[in-house]
Each structure stands twice: as structure tokens, then as C-alpha cells.
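Colleague: Just my_file_11.csv, nothing more (CSV, C-alpha atoms):
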```csv
chain,number,residue,atom,x,y,z
A,1,MET,CA,0.0,0.0,0.0
A,2,ALA,CA,1.2,3.5,-0.8
A,3,SER,CA,2.1,5.9,2.0
A,4,LEU,CA,-0.6,5.9,4.6
A,5,THR,CA,0.2,9.4,5.7
A,6,ALA,CA,-1.2,10.6,2.4
A,7,PHE,CA,-4.7,9.7,3.5
A,8,THR,CA,-4.7,12.4,6.2
A,9,ALA,CA,-2.5,14.9,4.5
A,10,ASN,CA,-5.4,16.0,2.3
A,11,LEU,CA,-3.4,18.2,0.1
A,12,PRO,CA,-5.7,19.6,-2.6
A,13,PHE,CA,-5.0,19.0,-6.3
A,14,THR,CA,-3.2,15.7,-5.6
A,15,PRO,CA,-4.5,12.1,-5.8
A,16,TYR,CA,-5.1,9.8,-2.9
A,17,ALA,CA,-2.3,7.4,-2.2
A,18,ILE,CA,-4.4,4.2,-2.5
A,19,GLY,CA,-4.1,1.2,-4.8
A,20,ARG,CA,-6.7,1.0,-7.6
A,21,SER,CA,-7.6,-1.8,-10.0
A,22,GLU,CA,-11.1,-2.6,-11.0
A,23,LYS,CA,-12.6,-0.5,-13.9
A,24,LYS,CA,-15.8,-2.5,-14.5
A,25,CYS,CA,-19.0,-1.7,-12.7
A,26,PRO,CA,-19.1,-4.0,-9.6
A,27,VAL,CA,-22.8,-4.5,-9.9
A,28,CYS,CA,-23.5,-5.2,-13.6
A,29,GLY,CA,-20.0,-5.7,-14.9
A,30,THR,CA,-20.3,-3.1,-17.6
A,31,SER,CA,-17.1,-1.2,-18.7
A,32,ASP,CA,-18.9,1.7,-20.5
A,33,HIS,CA,-19.4,4.8,-18.3
A,34,ARG,CA,-20.0,8.5,-18.3
A,35,LEU,CA,-17.6,10.9,-16.6
A,36,VAL,CA,-19.3,12.7,-13.6
A,37,ALA,CA,-16.4,14.5,-11.8
A,38,GLN,CA,-12.6,14.6,-11.5
A,39,THR,CA,-12.4,16.3,-8.1
A,40,ASP,CA,-13.8,15.7,-4.7
A,41,ARG,CA,-15.0,17.9,-1.9
A,42,ARG,CA,-11.4,18.3,-0.6
A,43,LEU,CA,-10.4,19.4,-4.1
A,44,LYS,CA,-8.3,16.3,-4.5
A,45,LYS,CA,-7.9,14.5,-7.8
A,46,ILE,CA,-10.3,11.6,-7.9
A,47,THR,CA,-12.5,10.4,-10.8
A,48,HIS,CA,-16.1,9.4,-10.4
A,49,VAL,CA,-18.2,7.9,-13.3
A,50,ALA,CA,-21.7,6.7,-13.8
A,51,CYS,CA,-22.2,3.2,-15.2
A,52,ALA,CA,-23.7,3.3,-18.7
A,53,LYS,CA,-26.0,0.4,-17.9
A,54,CYS,CA,-27.2,0.5,-14.2
A,55,SER,CA,-26.2,4.1,-13.5
A,56,LEU,CA,-24.3,3.3,-10.3
A,57,ILE,CA,-21.9,6.1,-9.4
A,58,ARG,CA,-18.4,4.8,-8.6
A,59,GLN,CA,-14.8,5.9,-8.1
A,60,TYR,CA,-12.8,5.1,-11.2
A,61,PRO,CA,-10.9,2.8,-11.0
A,62,LEU,CA,-12.1,1.4,-7.7
A,63,PRO,CA,-9.7,1.0,-4.7
A,64,THR,CA,-8.4,-2.5,-4.1
A,65,GLU,CA,-10.1,-4.5,-1.4
A,66,GLU,CA,-6.8,-4.8,0.5
A,67,ASP,CA,-6.0,-1.1,0.7
A,68,LEU,CA,-9.6,-0.2,1.5
A,69,ALA,CA,-9.7,-2.7,4.3
A,70,THR,CA,-6.5,-1.2,5.8
A,71,TYR,CA,-7.9,2.3,5.5
A,72,TYR,CA,-11.2,1.5,7.3
A,73,ARG,CA,-9.5,-0.6,10.0
A,74,ASP,CA,-6.8,1.9,10.8
A,75,PHE,CA,-7.5,5.4,9.4
A,76,TYR,CA,-11.1,6.1,8.5
A,77,ARG,CA,-12.4,7.2,11.8
A,78,SER,CA,-9.5,9.6,12.6
A,79,ASP,CA,-9.6,10.9,9.0
A,80,TYR,CA,-13.3,11.7,8.9
A,81,GLN,CA,-14.5,11.8,12.5
A,82,LYS,CA,-11.2,13.1,13.9
A,83,THR,CA,-11.3,10.6,16.7
A,84,VAL,CA,-10.8,6.8,17.0
A,85,GLU,CA,-13.6,6.5,19.5
A,86,PRO,CA,-17.1,7.9,19.4
A,87,THR,CA,-17.9,11.2,21.0
A,88,GLU,CA,-20.9,11.9,23.2
A,89,LYS,CA,-22.5,13.9,20.5
A,90,HIS,CA,-22.0,11.1,18.0
A,91,VAL,CA,-23.6,8.6,20.3
A,92,LYS,CA,-26.7,10.7,21.0
A,93,LYS,CA,-27.2,11.3,17.3
A,94,ARG,CA,-26.9,7.6,16.5
A,95,GLU,CA,-29.3,6.7,19.3
A,96,LYS,CA,-32.0,8.9,17.9
A,97,GLU,CA,-31.4,7.6,14.4
A,98,SER,CA,-31.5,4.0,15.7
A,99,ALA,CA,-34.9,4.4,17.3
A,100,SER,CA,-36.3,5.7,14.1
A,101,ARG,CA,-34.8,2.9,12.0
A,102,LEU,CA,-36.0,0.2,14.4
A,103,SER,CA,-39.5,1.6,14.2
A,104,GLU,CA,-39.4,0.9,10.4
A,105,LEU,CA,-38.2,-2.7,10.8
A,106,SER,CA,-39.8,-4.0,14.0
A,107,PRO,CA,-43.4,-4.3,12.6
A,108,LEU,CA,-42.0,-6.9,10.1
A,109,LEU,CA,-40.4,-9.0,12.8
A,110,THR,CA,-41.7,-11.2,15.7
A,111,PRO,CA,-40.5,-10.5,19.3
A,112,GLY,CA,-37.2,-12.0,20.1
A,113,ALA,CA,-36.0,-12.0,16.5
A,114,THR,CA,-32.2,-11.8,15.9
A,115,ILE,CA,-30.9,-8.8,14.0
A,116,ILE,CA,-27.3,-8.4,12.8
A,117,ASP,CA,-26.0,-4.9,12.2
A,118,PHE,CA,-23.6,-4.9,9.3
A,119,GLY,CA,-20.9,-2.3,10.1
A,120,CYS,CA,-22.4,-1.3,13.4
A,121,GLY,CA,-20.1,1.5,14.3
A,122,SER,CA,-20.2,2.1,18.1
A,123,GLY,CA,-23.3,-0.1,18.5
A,124,GLU,CA,-26.2,2.2,19.0
A,125,PHE,CA,-28.5,0.2,16.7
A,126,VAL,CA,-27.4,-3.1,18.3
A,127,ALA,CA,-28.3,-1.6,21.7
A,128,ALA,CA,-31.7,-0.3,20.5
A,129,CYS,CA,-32.5,-3.8,19.2
A,130,SER,CA,-31.7,-5.4,22.5
A,131,ALA,CA,-33.7,-2.8,24.4
A,132,GLY,CA,-36.6,-3.3,22.0
A,133,GLY,CA,-37.1,-7.0,22.7
A,134,PHE,CA,-34.8,-8.4,20.0
A,135,VAL,CA,-31.5,-10.1,20.0
A,136,GLY,CA,-29.0,-7.5,18.6
A,137,LYS,CA,-25.5,-8.2,17.4
A,138,GLY,CA,-23.1,-6.9,14.9
A,139,PHE,CA,-19.6,-6.3,13.6
A,140,GLU,CA,-17.5,-3.3,12.9
A,141,PRO,CA,-14.1,-3.1,11.1
A,142,GLY,CA,-12.9,0.0,13.0
A,143,LYS,CA,-11.0,-1.1,16.0
A,144,GLY,CA,-11.8,1.8,18.4
A,145,TYR,CA,-15.5,1.9,17.6
A,146,ALA,CA,-15.9,-1.9,17.9
A,147,GLU,CA,-14.0,-2.0,21.2
A,148,PHE,CA,-16.3,0.8,22.5
A,149,ALA,CA,-19.4,-1.1,21.6
A,150,ARG,CA,-18.1,-4.4,23.0
A,151,ASP,CA,-16.1,-3.3,26.1
A,152,THR,CA,-17.9,-0.1,27.1
A,153,LYS,CA,-21.4,-1.0,26.2
A,154,GLY,CA,-21.2,-4.8,26.6
A,155,LEU,CA,-22.7,-5.5,23.3
A,156,ASP,CA,-22.3,-8.6,21.1
A,157,VAL,CA,-20.0,-6.9,18.5
A,158,ARG,CA,-17.0,-8.3,16.7
A,159,ASN,CA,-14.1,-6.3,15.3
A,160,THR,CA,-14.0,-7.7,11.8
A,161,GLY,CA,-15.0,-7.0,8.2
A,162,TRP,CA,-18.0,-8.5,6.4
A,163,GLN,CA,-15.9,-11.0,4.5
A,164,ASP,CA,-14.8,-12.7,7.7
A,165,TYR,CA,-18.1,-12.5,9.7
A,166,SER,CA,-20.1,-15.8,10.1
A,167,VAL,CA,-23.0,-17.1,12.2
A,168,ASP,CA,-23.9,-20.4,13.7
A,169,THR,CA,-27.6,-19.9,13.7
A,170,PRO,CA,-29.4,-17.9,10.9
A,171,ALA,CA,-30.8,-14.5,11.9
A,172,ASP,CA,-34.1,-12.9,11.1
A,173,ALA,CA,-32.7,-9.7,9.6
A,174,VAL,CA,-29.5,-7.9,8.6
A,175,THR,CA,-29.3,-4.2,8.8
A,176,SER,CA,-26.8,-1.8,7.3
A,177,PHE,CA,-26.9,1.9,7.7
A,178,HIS,CA,-24.5,4.1,5.7
A,179,VAL,CA,-22.1,1.3,5.0
A,180,PHE,CA,-22.7,0.1,1.4
A,181,GLU,CA,-21.4,3.4,0.0
A,182,HIS,CA,-18.0,2.4,1.5
A,183,LEU,CA,-17.7,-0.9,-0.3
A,184,VAL,CA,-16.3,-2.0,-3.7
A,185,ASP,CA,-18.4,-5.1,-4.2
A,186,PRO,CA,-22.0,-4.6,-2.9
A,187,VAL,CA,-23.3,-7.6,-4.7
A,188,ALA,CA,-20.8,-9.9,-2.9
A,189,ALA,CA,-21.7,-8.2,0.4
A,190,ILE,CA,-25.4,-8.8,0.0
A,191,ARG,CA,-24.8,-12.4,-1.0
A,192,LYS,CA,-22.7,-12.9,2.1
A,193,ALA,CA,-25.4,-11.3,4.2
A,194,GLN,CA,-27.9,-13.7,2.7
A,195,THR,CA,-25.9,-16.6,4.3
A,196,TRP,CA,-26.5,-15.1,7.7
A,197,ILE,CA,-30.3,-15.0,7.6
A,198,LYS,CA,-33.2,-17.4,7.3
A,199,PRO,CA,-34.8,-18.1,3.8
A,200,ASP,CA,-37.5,-15.5,4.6
A,201,GLY,CA,-35.1,-13.1,6.4
A,202,LEU,CA,-34.9,-9.4,5.8
A,203,ILE,CA,-32.1,-7.1,4.7
A,204,TYR,CA,-32.6,-3.4,5.5
A,205,ILE,CA,-30.1,-1.1,3.8
A,206,GLU,CA,-29.8,2.7,4.1
A,207,VAL,CA,-27.3,4.8,2.1
A,208,PRO,CA,-26.9,8.5,1.3
A,209,ASP,CA,-29.2,9.6,-1.5
A,210,THR,CA,-26.7,10.6,-4.2
A,211,ARG,CA,-29.4,12.2,-6.3
A,212,HIS,CA,-30.2,14.7,-3.6
A,213,PHE,CA,-26.7,15.5,-2.6
A,214,ILE,CA,-25.1,15.7,-6.1
A,215,GLU,CA,-27.9,18.0,-7.3
A,216,MET,CA,-27.4,20.2,-4.3
A,217,LYS,CA,-23.6,20.2,-3.8
A,218,GLY,CA,-22.2,18.9,-7.1
A,219,PHE,CA,-18.9,17.1,-6.5
A,220,GLY,CA,-19.0,18.5,-2.9
A,221,CYS,CA,-20.8,15.2,-2.0
A,222,LEU,CA,-18.0,13.1,-3.4
A,223,HIS,CA,-15.0,12.0,-1.4
A,224,MET,CA,-12.5,9.2,-0.8
A,225,ALA,CA,-14.5,7.3,1.8
A,226,HIS,CA,-17.5,6.9,-0.4
A,227,THR,CA,-16.4,4.5,-3.2
A,228,LEU,CA,-20.0,4.1,-4.5
A,229,GLY,CA,-23.0,6.4,-4.9
A,230,TYR,CA,-26.6,5.2,-5.0
A,231,THR,CA,-30.0,6.4,-5.7
A,232,ASN,CA,-33.2,4.6,-4.7
A,233,PHE,CA,-33.1,2.8,-8.1
A,234,THR,CA,-29.5,1.8,-8.1
A,235,MET,CA,-29.8,0.4,-4.6
A,236,GLU,CA,-32.9,-1.5,-5.7
A,237,TYR,CA,-30.9,-2.8,-8.7
A,238,VAL,CA,-28.2,-4.2,-6.4
A,239,GLY,CA,-30.8,-6.1,-4.4
A,240,ALA,CA,-32.5,-7.4,-7.6
A,241,VAL,CA,-29.2,-8.8,-8.9
A,242,CYS,CA,-29.1,-10.9,-5.7
A,243,GLY,CA,-32.7,-12.1,-6.1
A,244,MET,CA,-34.1,-9.7,-3.4
A,245,ALA,CA,-37.4,-7.8,-3.9
A,246,VAL,CA,-38.1,-4.5,-2.2
A,247,ILE,CA,-40.9,-5.0,0.4
A,248,LYS,CA,-40.7,-1.5,1.9
A,249,ARG,CA,-39.3,1.6,0.3
A,250,ASP,CA,-39.5,5.4,0.7
A,251,ILE,CA,-38.4,5.1,4.3
A,252,PRO,CA,-37.9,8.6,5.8
A,253,GLY,CA,-34.4,10.0,5.9
A,254,ASP,CA,-31.8,8.9,3.4
A,255,CYS,CA,-32.2,6.3,0.7
A,256,GLY,CA,-33.5,3.3,2.6
A,257,MET,CA,-35.3,0.1,1.7
A,258,ILE,CA,-36.0,-3.3,3.1
A,259,PHE,CA,-35.5,-6.4,0.9
A,260,GLN,CA,-36.6,-10.0,1.1
A,261,ALA,CA,-36.0,-13.0,-1.1
A,262,GLY,CA,-38.5,-13.0,-3.9
A,263,THR,CA,-39.2,-11.8,-7.5
A,264,PRO,CA,-37.7,-8.3,-8.0
A,265,ARG,CA,-38.8,-5.9,-10.7
A,266,PRO,CA,-37.2,-6.7,-14.1
A,267,LEU,CA,-33.7,-5.4,-14.3
A,268,ALA,CA,-34.3,-3.6,-17.5
A,269,GLU,CA,-37.2,-1.6,-15.8
A,270,ILE,CA,-35.0,-0.6,-12.9
A,271,GLU,CA,-32.2,0.4,-15.3
A,272,ALA,CA,-34.5,2.7,-17.2
A,273,ASP,CA,-35.7,4.4,-14.0
A,274,ALA,CA,-32.1,4.8,-12.8
A,275,LYS,CA,-30.9,6.2,-16.1
A,276,ALA,CA,-33.7,8.7,-16.3
A,277,GLN,CA,-32.9,9.9,-12.8
A,278,SER,CA,-29.2,10.5,-13.4
A,279,GLU,CA,-28.7,11.2,-17.1
A,280,GLY,CA,-28.2,15.0,-16.5
A,281,TRP,CA,-25.2,14.4,-14.2
A,282,THR,CA,-22.4,15.5,-16.6
A,283,LYS,CA,-19.0,16.7,-15.5
A,284,ALA,CA,-19.8,20.2,-16.5
A,285,ARG,CA,-23.0,20.4,-14.6
A,286,VAL,CA,-21.6,18.6,-11.5
A,287,HIS,CA,-18.5,20.9,-11.3
A,288,ARG,CA,-20.6,24.0,-11.9
A,289,GLN,CA,-23.0,23.0,-9.2
A,290,PHE,CA,-20.2,22.7,-6.7
A,291,TRP,CA,-19.0,26.2,-7.2
A,292,SER,CA,-22.5,27.6,-7.2
A,293,TYR,CA,-23.3,25.8,-3.9
A,294,THR,CA,-19.9,26.9,-2.4
A,295,PHE,CA,-20.2,30.5,-3.4
A,296,GLY,CA,-23.8,30.6,-2.3
A,297,LYS,CA,-22.8,29.4,1.2
A,298,LEU,CA,-20.1,32.1,1.3
A,299,ARG,CA,-22.6,34.8,0.4
A,300,GLY,CA,-25.0,33.5,3.0
A,301,ALA,CA,-22.2,33.5,5.6
A,302,LYS,CA,-21.3,37.1,4.8
A,303,ALA,CA,-25.0,38.2,5.0
```
In C-alpha cells, how does this file's structure come out?
Modeller:
Amino acid sequence: MASLTAFTANLPFTPYAIGRSEKKCPVCGTSDHRLVAQTDRRLKKITHVACAKCSLIRQYPLPTEEDLATYYRDFYRSDYQKTVEPTEKHVKKREKESASRLSELSPLLTPGATIIDFGCGSGEFVAACSAGGFVGKGFEPGKGYAEFARDTKGLDVRNTGWQDYSVDTPADAVTSFHVFEHLVDPVAAIRKAQTWIKPDGLIYIEVPDTRHFIEMKGFGCLHMAHTLGYTNFTMEYVGAVCGMAVIKRDIPGDCGMIFQAGTPRPLAEIEADAKAQSEGWTKARVHRQFWSYTFGKLRGAKA
């Protein structure tokens, strides 16, 4: 791996020091793409493209699994949260979010159901599940956050990545909140999660709504930690590729939906919806929107 100090140097107009390899779309395998941006919110050099087939936004080329795993294990929290352990403010915010998320999922489960939180951070959702009459457990690749959840909160949380997580008894649901935008192979991740649940188990995924943020901030919503960018349709597409149908969508907040094994909408239909939603995201428009948003904030601050 290239010099790790380059991750936190954040010098503008320079590339990130991370190994990159895959150029095909990790969801549909298509090589054709449309350029979306060549700069991120730190003004560092990083290319983002939209897949010509499924419209998934991705870094181009994608980071290697090995370098990305090292980054999340050792550097992500200090780079983006400026701390290796959660702050009190972070915990309170996540507790509020967890209560709202559990209210969306709990009506679909029976009391005592087991819920696995994929990338559980400092464990607030795991704790909410346990307090709500469910069996909550999870895993987190970041050492400091996983140790906080396990040792300080006493939760059933392992310090590991999704590739190495396994269960002895199938669970009733897997949840994942603002994690799938950090992956390079979301299809493999969902297929792995399917091995942790019962045949009729649920998978509840929430990710940032790229449509909302890119139209508001331009490339100001793009950065190193988010390898992929989803809309409600591209997230639906990932589930459909894995044989998962959406049983609950339009969940308040960011782009969230609950999947279950079944017959999804035809892929071609989802592709058409995703393309119509994102076809105006050209490099010129996305870069122009960043500067419009940035100068607008500056004018507002002066006023």
C-alpha cells in the first residue's frame, strides 16, 4: 500500500495514495461509463463515473479491497470523525437515528427476532434492538468503535469486516446503515449477508441519497471514503441482482429500503428508471453546481 500518511495529508489537487484496480461496474460488470467528476470535496484528484447500464456512481478505478480494508481498519475514523472512539455527540445522534430505524423494521419481525447490524459503528442500533425485545448483534471493522461497543457498552459486537463474519444460527434480519457506499463489491456483500439469515429473512439497507446531494452540492458530496454512490433505483438494482425484492421503500431519511428474497422488478425496468434519474449528471454540470453551492454558502455567511 502507498504511504498511509497521504490519507490524512489531504493536500488539494493531488491524488489519494491508494491502490486502484477494477474498472468495470461492480454491480452489472459493464465497462462503459459517463464521466461525472474529477475532483472531490477536498479538491483532491479523484475520478467518479456513472455506469452506462445500471447508473451506479463509482470511483474510477475502484480502490483495491486490501487497501480499502486497511484504510477502514486503521484510518477512516480519525480521517473523517477526527477521533478513533465515538464522541458523546455522535452517540446521542446515532441513538436517535437507531430508534427511528428500528420503528421501520420492528413491525416486520416477531418479538425475540435476531438482528445483525452490518458495520455497526459504536453499536447504538445493536443496543436499540436489544432494548426493544430483539437479539441484537453486529460487527465493525474500525477497532476503536468496535471496542467501545463491546467493552464499554457490553454488546455482542465483533471487530471484523463483512468478508470474515459468520454465524452459527441464521438470523431474522440484517441491517446496514450508511455502509454500502463504502464498499467496492456490494453484490458480494449482500450475497454474504444472505448466508446469515433465514430463507425469509430481511435485509434493511440505508445509504446516502446521491441524487439529492449531487444535485445540491455537485462534487461536494463526493469523497475518498464513499467508493460508490446510490439512488433509490441503483440500490434496488443491487438487491435485484441478488434475487431480493423490495418489500418496503420510501423510508424517511436517506435512501433506505427493506429487501426479502422474492421476485424483484425486471432489471431492464430498474435500469431505465435509474438512467432517467441520473442522465443529467455531466462533469460540466456537477462541477458547476459545486461552485454555485460553495459561493452561495459564502454569500450567505457574509450576510
Colleague: Go ahead and compute the interatomic distance for atom CA of A:Val27 and atom CA of A:Glu271, in Å to one decimal.
Modeller: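 Result for atom CA of A:Val27 versus atom CA of A:Glu271: 11.9 Å, one decimal.
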Colleague: In terms of the shortest atom-to-atom distance over only C-alpha atoms, which of A:Gln163, A:Val207, A:Gly220, A:Ser176 is closest to A:Thr195?
Modeller: A:Gln163
Colleague: Just to confirm, what's the straight-line distance from atom CA of A:Asp172 to atom CA of A:Pro26 in Å (one decimal)?
Modeller: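 Separation between atom CA of A:Asp172 and atom CA of A:Pro26: 27.1 Å.
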Colleague: Measuring atom to atom with only C-alpha atoms, identify which of A:Arg265, A:Lys217, A:Lys23, A:Lys45 is nearest to A:Lys297.
Modeller: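 Checking each candidate against A:Lys297, we get A:Lys217 as the closest.
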Colleague: With 12 Å as the threshold, what does the neighbourhood of (-24.2, 4.6, -8.0) contain in terms of residues, counting all atoms listed in the file? Coordinates are those of the file; answer as a PyMOL selection string.
Modeller: chain A and resi 25-28+33-34+36+48-60+180-186+207-211+214+222+226-238+255+271+274-275+277-278+281
Colleague: From the set A:Thr282, A:Gln289, A:Gln194, A:Ser106, which residue has the shortest atom-to-atom contact distance to A:Ala261, counting only C-alpha atoms?
Modeller: A:Gln194
Colleague: Can you pull out every residue within 10 Å of A:Leu68, counting all atoms listed in the file, but drop anything in the same chain fewer than 5 positions away, and send it as number ranges by chain?
Modeller: A: 1, 18-20, 62-63, 73-76, 182-184, 225, 227
Colleague: Residues at most 8 Å from A:Arg42, counting only C-alpha atoms, excluding those fewer than 3 positions away in the same chain, as a list in words?
Modeller: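 Near neighbours after the sequence-gap exclusion: Asn10, Pro12, Thr39, Gly220 and His223 of chain A.
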Colleague: Pick out the closest residue to A:Ile258 from this set: A:Phe139, A:Tyr293, A:Tyr204, A:Phe13. Count all atoms listed in the file.
Modeller: A:Tyr204
Colleague: What does the distance between atom CA of A:Phe259 and atom CA of A:Cys129 come to in Å, to one decimal place?
Modeller: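 Pair atom CA of A:Phe259 / atom CA of A:Cys129 returns 18.7 Å.
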Colleague: So that I can look at just that part, could you write stretch 52-73 of chain A with N, CA, C and O atoms, as a PDB file, in the first residue's frame?
Modeller:
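Writing done, so here's part.pdb:
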```
ATOM      1  N   ALA A  52     -22.871   3.113 -17.545  1.00  0.00           N
ATOM      2  CA  ALA A  52     -23.735   3.323 -18.704  1.00  0.00           C
ATOM      3  C   ALA A  52     -24.960   2.411 -18.688  1.00  0.00           C
ATOM      4  O   ALA A  52     -25.955   2.693 -19.352  1.00  0.00           O
ATOM      5  N   LYS A  53     -24.909   1.324 -17.914  1.00  0.00           N
ATOM      6  CA  LYS A  53     -26.029   0.372 -17.889  1.00  0.00           C
ATOM      7  C   LYS A  53     -26.919   0.562 -16.659  1.00  0.00           C
ATOM      8  O   LYS A  53     -28.097   0.847 -16.788  1.00  0.00           O
ATOM      9  N   CYS A  54     -26.338   0.445 -15.447  1.00  0.00           N
ATOM     10  CA  CYS A  54     -27.174   0.495 -14.241  1.00  0.00           C
ATOM     11  C   CYS A  54     -27.143   1.847 -13.544  1.00  0.00           C
ATOM     12  O   CYS A  54     -27.875   2.065 -12.577  1.00  0.00           O
ATOM     13  N   SER A  55     -26.281   2.763 -13.995  1.00  0.00           N
ATOM     14  CA  SER A  55     -26.194   4.149 -13.496  1.00  0.00           C
ATOM     15  C   SER A  55     -25.560   4.287 -12.114  1.00  0.00           C
ATOM     16  O   SER A  55     -25.588   5.366 -11.531  1.00  0.00           O
ATOM     17  N   LEU A  56     -24.983   3.215 -11.576  1.00  0.00           N
ATOM     18  CA  LEU A  56     -24.281   3.321 -10.301  1.00  0.00           C
ATOM     19  C   LEU A  56     -23.127   4.324 -10.417  1.00  0.00           C
ATOM     20  O   LEU A  56     -22.381   4.307 -11.399  1.00  0.00           O
ATOM     21  N   ILE A  57     -22.989   5.210  -9.442  1.00  0.00           N
ATOM     22  CA  ILE A  57     -21.850   6.123  -9.387  1.00  0.00           C
ATOM     23  C   ILE A  57     -20.712   5.404  -8.675  1.00  0.00           C
ATOM     24  O   ILE A  57     -20.921   4.769  -7.635  1.00  0.00           O
ATOM     25  N   ARG A  58     -19.494   5.497  -9.232  1.00  0.00           N
ATOM     26  CA  ARG A  58     -18.373   4.825  -8.583  1.00  0.00           C
ATOM     27  C   ARG A  58     -17.078   5.582  -8.831  1.00  0.00           C
ATOM     28  O   ARG A  58     -16.949   6.318  -9.811  1.00  0.00           O
ATOM     29  N   GLN A  59     -16.134   5.403  -7.897  1.00  0.00           N
ATOM     30  CA  GLN A  59     -14.789   5.901  -8.132  1.00  0.00           C
ATOM     31  C   GLN A  59     -14.186   5.098  -9.281  1.00  0.00           C
ATOM     32  O   GLN A  59     -14.489   3.917  -9.449  1.00  0.00           O
ATOM     33  N   TYR A  60     -13.318   5.739 -10.048  1.00  0.00           N
ATOM     34  CA  TYR A  60     -12.767   5.068 -11.234  1.00  0.00           C
ATOM     35  C   TYR A  60     -11.265   5.295 -11.329  1.00  0.00           C
ATOM     36  O   TYR A  60     -10.829   6.451 -11.426  1.00  0.00           O
ATOM     37  N   PRO A  61     -10.481   4.201 -11.311  1.00  0.00           N
ATOM     38  CA  PRO A  61     -10.858   2.824 -10.964  1.00  0.00           C
ATOM     39  C   PRO A  61     -11.197   2.727  -9.465  1.00  0.00           C
ATOM     40  O   PRO A  61     -10.852   3.605  -8.678  1.00  0.00           O
ATOM     41  N   LEU A  62     -11.799   1.615  -9.102  1.00  0.00           N
ATOM     42  CA  LEU A  62     -12.137   1.399  -7.695  1.00  0.00           C
ATOM     43  C   LEU A  62     -10.890   1.053  -6.882  1.00  0.00           C
ATOM     44  O   LEU A  62      -9.950   0.452  -7.406  1.00  0.00           O
ATOM     45  N   PRO A  63     -10.870   1.420  -5.590  1.00  0.00           N
ATOM     46  CA  PRO A  63      -9.743   1.018  -4.733  1.00  0.00           C
ATOM     47  C   PRO A  63      -9.665  -0.501  -4.617  1.00  0.00           C
ATOM     48  O   PRO A  63     -10.681  -1.196  -4.774  1.00  0.00           O
ATOM     49  N   THR A  64      -8.494  -1.012  -4.326  1.00  0.00           N
ATOM     50  CA  THR A  64      -8.354  -2.451  -4.095  1.00  0.00           C
ATOM     51  C   THR A  64      -8.980  -2.806  -2.752  1.00  0.00           C
ATOM     52  O   THR A  64      -9.021  -1.984  -1.825  1.00  0.00           O
ATOM     53  N   GLU A  65      -9.480  -4.025  -2.636  1.00  0.00           N
ATOM     54  CA  GLU A  65     -10.075  -4.489  -1.378  1.00  0.00           C
ATOM     55  C   GLU A  65      -9.066  -4.406  -0.237  1.00  0.00           C
ATOM     56  O   GLU A  65      -9.398  -4.021   0.885  1.00  0.00           O
ATOM     57  N   GLU A  66      -7.809  -4.753  -0.520  1.00  0.00           N
ATOM     58  CA  GLU A  66      -6.783  -4.807   0.524  1.00  0.00           C
ATOM     59  C   GLU A  66      -6.505  -3.411   1.093  1.00  0.00           C
ATOM     60  O   GLU A  66      -6.461  -3.214   2.316  1.00  0.00           O
ATOM     61  N   ASP A  67      -6.293  -2.430   0.208  1.00  0.00           N
ATOM     62  CA  ASP A  67      -6.008  -1.076   0.678  1.00  0.00           C
ATOM     63  C   ASP A  67      -7.208  -0.464   1.381  1.00  0.00           C
ATOM     64  O   ASP A  67      -7.068   0.250   2.379  1.00  0.00           O
ATOM     65  N   LEU A  68      -8.399  -0.743   0.856  1.00  0.00           N
ATOM     66  CA  LEU A  68      -9.599  -0.186   1.467  1.00  0.00           C
ATOM     67  C   LEU A  68      -9.815  -0.770   2.861  1.00  0.00           C
ATOM     68  O   LEU A  68     -10.187  -0.054   3.803  1.00  0.00           O
ATOM     69  N   ALA A  69      -9.558  -2.072   3.017  1.00  0.00           N
ATOM     70  CA  ALA A  69      -9.711  -2.708   4.326  1.00  0.00           C
ATOM     71  C   ALA A  69      -8.747  -2.099   5.338  1.00  0.00           C
ATOM     72  O   ALA A  69      -9.104  -1.831   6.500  1.00  0.00           O
ATOM     73  N   THR A  70      -7.511  -1.842   4.920  1.00  0.00           N
ATOM     74  CA  THR A  70      -6.532  -1.210   5.806  1.00  0.00           C
ATOM     75  C   THR A  70      -6.975   0.197   6.192  1.00  0.00           C
ATOM     76  O   THR A  70      -6.865   0.610   7.354  1.00  0.00           O
ATOM     77  N   TYR A  71      -7.482   0.924   5.222  1.00  0.00           N
ATOM     78  CA  TYR A  71      -7.937   2.290   5.476  1.00  0.00           C
ATOM     79  C   TYR A  71      -9.044   2.306   6.517  1.00  0.00           C
ATOM     80  O   TYR A  71      -8.991   3.067   7.486  1.00  0.00           O
ATOM     81  N   TYR A  72     -10.059   1.452   6.366  1.00  0.00           N
ATOM     82  CA  TYR A  72     -11.173   1.463   7.309  1.00  0.00           C
ATOM     83  C   TYR A  72     -10.782   0.920   8.674  1.00  0.00           C
ATOM     84  O   TYR A  72     -11.291   1.385   9.695  1.00  0.00           O
ATOM     85  N   ARG A  73      -9.899  -0.016   8.694  1.00  0.00           N
ATOM     86  CA  ARG A  73      -9.466  -0.581   9.976  1.00  0.00           C
ATOM     87  C   ARG A  73      -8.644   0.427  10.779  1.00  0.00           C
ATOM     88  O   ARG A  73      -8.822   0.560  11.994  1.00  0.00           O
TER      89      ARG A  73
END
```
